[in-house]
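So the structure is just underneath, and the comments pick up after that.
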Amino acid sequence: MPQKIAVFPGSFDPITRGHESVIKRAVPLFDQLYIAIGLNAEKKGFFTIEQRLHWIEEVFADEPKILVTQYEGLTVDFCRQNNIGYILRGLRTSADFEFERSIGQVNKKLYPDIETVFLLTAPEYTSLNSSIVRDILRHGGDASQFVPEKISLREANR
Ligand code: ADP
């Protein structure tokens with residue numbers, strides 16, 4: 001049987017409990033799961049790439065199936081280069097669905113061997129996203145309940 005290799009692409013700026021939940025639920029479905037930060041020259045992040053990668057590595061240090069990395073360019077090109085057959089995405093709302101539908105359909109046109117796989121968000125994380133976490137931090141609030149338990153936002157590199 002060929003290996004089932006997937007990528008969960010995103011900004012992870014920073015990783016949240018919503019991301020963590022989707023990743024944990026996806027691990028049993030695949031032989032290998034890349035968590036990959038897509039670099040975007042026009043979009044400067046809130047946290048540095050190194051900081052974001054470091055947090056993800058920390059959270060999944062005990063999970064041998066997970067590989068943490070970054071990539072430039074199209075997600076489908078990253079998939080081709082790494083023998084990845086599945087793109088994993090989380091679905092929170094109908095707005096997510098419309099957005100994901102177009103990306104997923106275009107990706108399939110660009111790379112017919114790819115399948116996008118969606119996991120529905122656990123209800124408790126439906127309203128959670130990285131931009132809410134950044135807003136809380138910008139205004140000096142405590143966002144620790146929204147990010148994985150293992151990470152400490154206090155010593156963050158920005
Ligand atoms: P981007 O906005 O750059 O695509 P994100 O890091 O925000 O990247 O999201 C990456 C993936 O994680 C997307 O598939 C998104 O739907 C999913 N995701 C984000 N937040 C949640 C959440 N609270 N619950 C489940 N999935 C989520």
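Letters for chains follow the order of the structure tokens (A, B, ...), residue numbers begin at 1 for each chain, and ligand numbers begin at 1 in the order shown.
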
If you run DSSP on this backbone, which residues of region 43-134 of chain A come out as alpha helix (DSSP H), and could you give them as a ChimeraX atom specification?
-> /A:49-59,75-81,94-110,130-134

With a distance cut-off of 12 Å and only C-alpha atoms, select the neighbouring residues of Thr48 (chain A), excluding the residue or stretch itself and same-chain residues fewer than 3 positions from it, and output the selection as a PyMOL selection string.
-> chain A and resi 11-14+37+39+43-45+51-55+156-158

Expected file: the selected residues, N, CA, C and O atoms, as an mmCIF file, in the first residue's frame:
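Result file selection-v2.cif:
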data_model
loop_
_atom_site.group_PDB
_atom_site.id
_atom_site.type_symbol
_atom_site.label_atom_id
_atom_site.label_comp_id
_atom_site.auth_asym_id
_atom_site.auth_seq_id
_atom_site.Cartn_x
_atom_site.Cartn_y
_atom_site.Cartn_z
ATOM 1 N N SER A 11 -0.984 29.473 8.302
ATOM 2 C CA SER A 11 -0.059 30.492 8.803
ATOM 3 C C SER A 11 0.383 30.169 10.231
ATOM 4 O O SER A 11 1.481 30.521 10.647
ATOM 5 N N PHE A 12 -0.521 29.595 10.997
ATOM 6 C CA PHE A 12 -0.231 29.211 12.388
ATOM 7 C C PHE A 12 0.426 30.363 13.154
ATOM 8 O O PHE A 12 1.471 30.192 13.775
ATOM 9 N N ASP A 13 -0.214 31.515 13.094
ATOM 10 C CA ASP A 13 0.381 32.752 13.642
ATOM 11 C C ASP A 13 -0.484 33.298 14.774
ATOM 12 O O ASP A 13 -1.083 34.364 14.598
ATOM 13 N N PRO A 14 -0.545 32.628 15.933
ATOM 14 C CA PRO A 14 0.140 31.395 16.317
ATOM 15 C C PRO A 14 -0.789 30.184 16.170
ATOM 16 O O PRO A 14 -1.972 30.336 15.878
ATOM 17 N N ILE A 37 4.062 25.766 7.258
ATOM 18 C CA ILE A 37 3.752 27.200 7.211
ATOM 19 C C ILE A 37 4.063 27.712 5.809
ATOM 20 O O ILE A 37 5.197 27.611 5.340
ATOM 21 N N LEU A 39 4.922 30.435 3.346
ATOM 22 C CA LEU A 39 5.524 31.767 3.446
ATOM 23 C C LEU A 39 4.883 32.691 2.415
ATOM 24 O O LEU A 39 4.687 32.323 1.267
ATOM 25 N N LYS A 43 2.735 39.232 3.218
ATOM 26 C CA LYS A 43 2.059 39.242 4.516
ATOM 27 C C LYS A 43 3.086 39.021 5.616
ATOM 28 O O LYS A 43 3.567 37.909 5.821
ATOM 29 N N LYS A 44 3.419 40.111 6.313
ATOM 30 C CA LYS A 44 4.367 39.934 7.403
ATOM 31 C C LYS A 44 3.603 39.389 8.607
ATOM 32 O O LYS A 44 2.548 39.903 8.967
ATOM 33 N N GLY A 45 4.151 38.371 9.208
ATOM 34 C CA GLY A 45 3.456 37.744 10.333
ATOM 35 C C GLY A 45 3.571 38.543 11.612
ATOM 36 O O GLY A 45 4.328 39.508 11.702
ATOM 37 N N GLN A 51 9.639 31.244 15.476
ATOM 38 C CA GLN A 51 8.852 31.095 16.695
ATOM 39 C C GLN A 51 7.638 30.190 16.450
ATOM 40 O O GLN A 51 7.321 29.310 17.242
ATOM 41 N N ARG A 52 6.976 30.407 15.318
ATOM 42 C CA ARG A 52 5.777 29.605 15.006
ATOM 43 C C ARG A 52 6.137 28.130 14.821
ATOM 44 O O ARG A 52 5.451 27.246 15.316
ATOM 45 N N LEU A 53 7.245 27.884 14.072
ATOM 46 C CA LEU A 53 7.688 26.503 13.862
ATOM 47 C C LEU A 53 8.059 25.855 15.189
ATOM 48 O O LEU A 53 7.695 24.703 15.460
ATOM 49 N N HIS A 54 8.753 26.611 16.011
ATOM 50 C CA HIS A 54 9.211 26.085 17.298
ATOM 51 C C HIS A 54 8.024 25.655 18.175
ATOM 52 O O HIS A 54 8.040 24.586 18.783
ATOM 53 N N TRP A 55 6.985 26.483 18.210
ATOM 54 C CA TRP A 55 5.802 26.122 19.009
ATOM 55 C C TRP A 55 5.152 24.839 18.504
ATOM 56 O O TRP A 55 4.783 23.966 19.279
ATOM 57 N N ALA A 156 7.560 34.915 23.843
ATOM 58 C CA ALA A 156 7.456 34.847 22.382
ATOM 59 C C ALA A 156 8.405 35.798 21.660
ATOM 60 O O ALA A 156 8.700 36.885 22.145
ATOM 61 N N ASN A 157 8.866 35.365 20.491
ATOM 62 C CA ASN A 157 9.667 36.219 19.590
ATOM 63 C C ASN A 157 8.776 36.799 18.514
ATOM 64 O O ASN A 157 8.119 36.065 17.809
ATOM 65 N N ARG A 158 8.798 38.112 18.418
ATOM 66 C CA ARG A 158 7.959 38.769 17.421
ATOM 67 C C ARG A 158 8.788 39.639 16.512
ATOM 68 O O ARG A 158 9.878 40.021 16.832
#

Proximity of chain A to ligand 1: per-residue shortest pair, 9 Å limit, only C-alpha atoms and all ligand atoms, as CSV:
residue,atom,partner,partner_atom_place_in_ligand_line,distance
A:Phe8,CA,ligand 1,11 (C),6.8
A:Pro9,CA,ligand 1,10 (C),5.9
A:Gly10,CA,ligand 1,8 (O),3.5
A:Ser11,CA,ligand 1,6 (O),4.0
A:Phe12,CA,ligand 1,6 (O),3.9
A:Asp13,CA,ligand 1,6 (O),6.4
A:Pro14,CA,ligand 1,6 (O),7.5
A:Ile15,CA,ligand 1,6 (O),6.8
A:Thr16,CA,ligand 1,23 (N),6.9
A:Arg17,CA,ligand 1,23 (N),6.7
A:Gly18,CA,ligand 1,23 (N),3.5
A:His19,CA,ligand 1,27 (C),4.9
A:Glu20,CA,ligand 1,25 (C),8.0
A:Ser21,CA,ligand 1,25 (C),6.9
A:Val22,CA,ligand 1,25 (C),5.7
A:Ile23,CA,ligand 1,26 (N),8.7
A:Ile37,CA,ligand 1,6 (O),8.0
A:Gly38,CA,ligand 1,3 (O),7.4
A:Leu88,CA,ligand 1,14 (O),6.8
A:Arg89,CA,ligand 1,14 (O),3.4
A:Gly90,CA,ligand 1,16 (O),3.8
A:Leu91,CA,ligand 1,16 (O),5.0
A:Arg92,CA,ligand 1,25 (C),5.9
A:Thr93,CA,ligand 1,16 (O),8.9
A:Asp96,CA,ligand 1,16 (O),6.5
A:Phe97,CA,ligand 1,16 (O),8.8
A:Glu100,CA,ligand 1,14 (O),7.9
A:Phe118,CA,ligand 1,14 (O),7.8
A:Leu119,CA,ligand 1,26 (N),7.7
A:Leu120,CA,ligand 1,25 (C),7.0
A:Thr121,CA,ligand 1,25 (C),4.3
A:Ala122,CA,ligand 1,24 (N),6.7
A:Pro123,CA,ligand 1,24 (N),8.4
A:Glu124,CA,ligand 1,23 (N),8.3
A:Tyr125,CA,ligand 1,23 (N),4.5
A:Thr126,CA,ligand 1,23 (N),5.2
A:Ser127,CA,ligand 1,23 (N),6.2
A:Leu128,CA,ligand 1,23 (N),4.2
A:Asn129,CA,ligand 1,20 (N),4.6
A:Ser130,CA,ligand 1,7 (O),5.9
A:Ser131,CA,ligand 1,7 (O),7.8

Could you save those same residues with N, CA and C atoms as a compact mmCIF listing (two decimals), in the first residue's frame?
# COMPACT_ATOMS: atom_id res chain seq x y z
N PHE A 8 -1.01 19.76 6.35
CA PHE A 8 -1.94 20.74 6.92
C PHE A 8 -1.25 22.10 6.75
N PRO A 9 -1.65 22.85 5.71
CA PRO A 9 -0.98 24.13 5.46
C PRO A 9 -1.68 25.27 6.18
N GLY A 10 -0.93 26.27 6.56
CA GLY A 10 -1.55 27.41 7.22
C GLY A 10 -0.51 28.43 7.64
N SER A 11 -0.98 29.47 8.30
CA SER A 11 -0.06 30.49 8.80
C SER A 11 0.38 30.17 10.23
N PHE A 12 -0.52 29.59 11.00
CA PHE A 12 -0.23 29.21 12.39
C PHE A 12 0.43 30.36 13.15
N ASP A 13 -0.21 31.52 13.09
CA ASP A 13 0.38 32.75 13.64
C ASP A 13 -0.48 33.30 14.77
N PRO A 14 -0.55 32.63 15.93
CA PRO A 14 0.14 31.40 16.32
C PRO A 14 -0.79 30.18 16.17
N ILE A 15 -0.22 28.98 16.42
CA ILE A 15 -1.04 27.77 16.47
C ILE A 15 -2.05 27.93 17.61
N THR A 16 -3.29 27.49 17.37
CA THR A 16 -4.35 27.60 18.39
C THR A 16 -4.81 26.19 18.79
N ARG A 17 -5.69 26.15 19.80
CA ARG A 17 -6.27 24.86 20.20
C ARG A 17 -7.16 24.29 19.09
N GLY A 18 -7.66 25.16 18.23
CA GLY A 18 -8.46 24.69 17.08
C GLY A 18 -7.59 23.91 16.11
N HIS A 19 -6.42 24.47 15.77
CA HIS A 19 -5.47 23.75 14.91
C HIS A 19 -5.05 22.43 15.57
N GLU A 20 -4.72 22.54 16.86
CA GLU A 20 -4.22 21.36 17.58
C GLU A 20 -5.25 20.23 17.53
N SER A 21 -6.51 20.58 17.70
CA SER A 21 -7.58 19.58 17.71
C SER A 21 -7.70 18.90 16.33
N VAL A 22 -7.69 19.69 15.26
CA VAL A 22 -7.78 19.11 13.91
C VAL A 22 -6.58 18.19 13.66
N ILE A 23 -5.39 18.63 14.03
CA ILE A 23 -4.17 17.85 13.79
C ILE A 23 -4.24 16.51 14.54
N ILE A 37 4.06 25.77 7.26
CA ILE A 37 3.75 27.20 7.21
C ILE A 37 4.06 27.71 5.81
N GLY A 38 3.04 28.21 5.14
CA GLY A 38 3.23 28.78 3.81
C GLY A 38 3.77 30.19 3.94
N LEU A 88 -5.01 18.70 4.09
CA LEU A 88 -5.96 18.69 5.21
C LEU A 88 -6.37 20.12 5.52
N ARG A 89 -7.68 20.34 5.70
CA ARG A 89 -8.16 21.66 6.10
C ARG A 89 -9.26 21.50 7.14
N GLY A 90 -9.41 22.50 7.98
CA GLY A 90 -10.47 22.49 8.98
C GLY A 90 -11.64 23.34 8.49
N LEU A 91 -12.85 22.90 8.79
CA LEU A 91 -14.03 23.69 8.40
C LEU A 91 -14.77 24.15 9.65
N ARG A 92 -14.85 25.47 9.79
CA ARG A 92 -15.56 26.02 10.95
C ARG A 92 -16.97 26.45 10.60
N THR A 93 -17.09 27.23 9.53
CA THR A 93 -18.36 27.87 9.22
C THR A 93 -18.66 27.74 7.72
N ASP A 96 -16.04 29.51 5.73
CA ASP A 96 -14.88 28.65 5.50
C ASP A 96 -15.15 27.74 4.31
N PHE A 97 -16.36 27.18 4.28
CA PHE A 97 -16.69 26.24 3.21
C PHE A 97 -16.54 26.88 1.84
N GLU A 100 -12.88 27.50 1.07
CA GLU A 100 -12.15 26.24 0.86
C GLU A 100 -12.57 25.55 -0.42
N PHE A 118 -11.39 17.41 4.52
CA PHE A 118 -11.85 18.40 5.51
C PHE A 118 -12.29 17.71 6.80
N LEU A 119 -11.90 18.28 7.91
CA LEU A 119 -12.44 17.84 9.19
C LEU A 119 -13.27 18.98 9.77
N LEU A 120 -14.45 18.64 10.25
CA LEU A 120 -15.28 19.66 10.90
C LEU A 120 -14.65 20.02 12.23
N THR A 121 -14.63 21.29 12.51
CA THR A 121 -14.11 21.77 13.78
C THR A 121 -14.94 21.24 14.95
N ALA A 122 -14.26 20.90 16.02
CA ALA A 122 -14.99 20.58 17.25
C ALA A 122 -15.77 21.84 17.67
N PRO A 123 -17.04 21.68 18.10
CA PRO A 123 -17.90 22.84 18.34
C PRO A 123 -17.26 23.91 19.24
N GLU A 124 -16.51 23.47 20.23
CA GLU A 124 -15.93 24.45 21.18
C GLU A 124 -14.87 25.35 20.54
N TYR A 125 -14.40 24.98 19.33
CA TYR A 125 -13.37 25.80 18.68
C TYR A 125 -13.87 26.55 17.45
N THR A 126 -15.18 26.50 17.22
CA THR A 126 -15.72 27.12 16.01
C THR A 126 -15.40 28.60 15.91
N SER A 127 -15.41 29.31 17.03
CA SER A 127 -15.21 30.76 16.96
C SER A 127 -13.76 31.17 17.17
N LEU A 128 -12.88 30.18 17.21
CA LEU A 128 -11.47 30.48 17.51
C LEU A 128 -10.63 30.60 16.24
N ASN A 129 -9.83 31.65 16.16
CA ASN A 129 -8.85 31.73 15.08
C ASN A 129 -7.62 32.51 15.57
N SER A 130 -6.57 32.44 14.77
CA SER A 130 -5.30 33.06 15.19
C SER A 130 -5.43 34.57 15.31
N SER A 131 -6.28 35.16 14.49
CA SER A 131 -6.34 36.63 14.52
C SER A 131 -6.98 37.12 15.82

Top pick for closest residue to Glu72 (chain A), considering A:His139, A:Ile84, A:Ala41, A:Ala95 and counting only C-alpha atoms |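 Residue with the minimum atom-to-atom distance to Glu72 (chain A): A:Ala41.
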
Strand (DSSP E or B) per DSSP on the backbone: members of chain A, as a ChimeraX atom specification = /A:5-10,32-39,66-72,86-91,115-120

How far is it from CA of Glu42 (chain A) to CA of Tyr71 (chain A), in Å with one decimal?
-> 14.6 Å
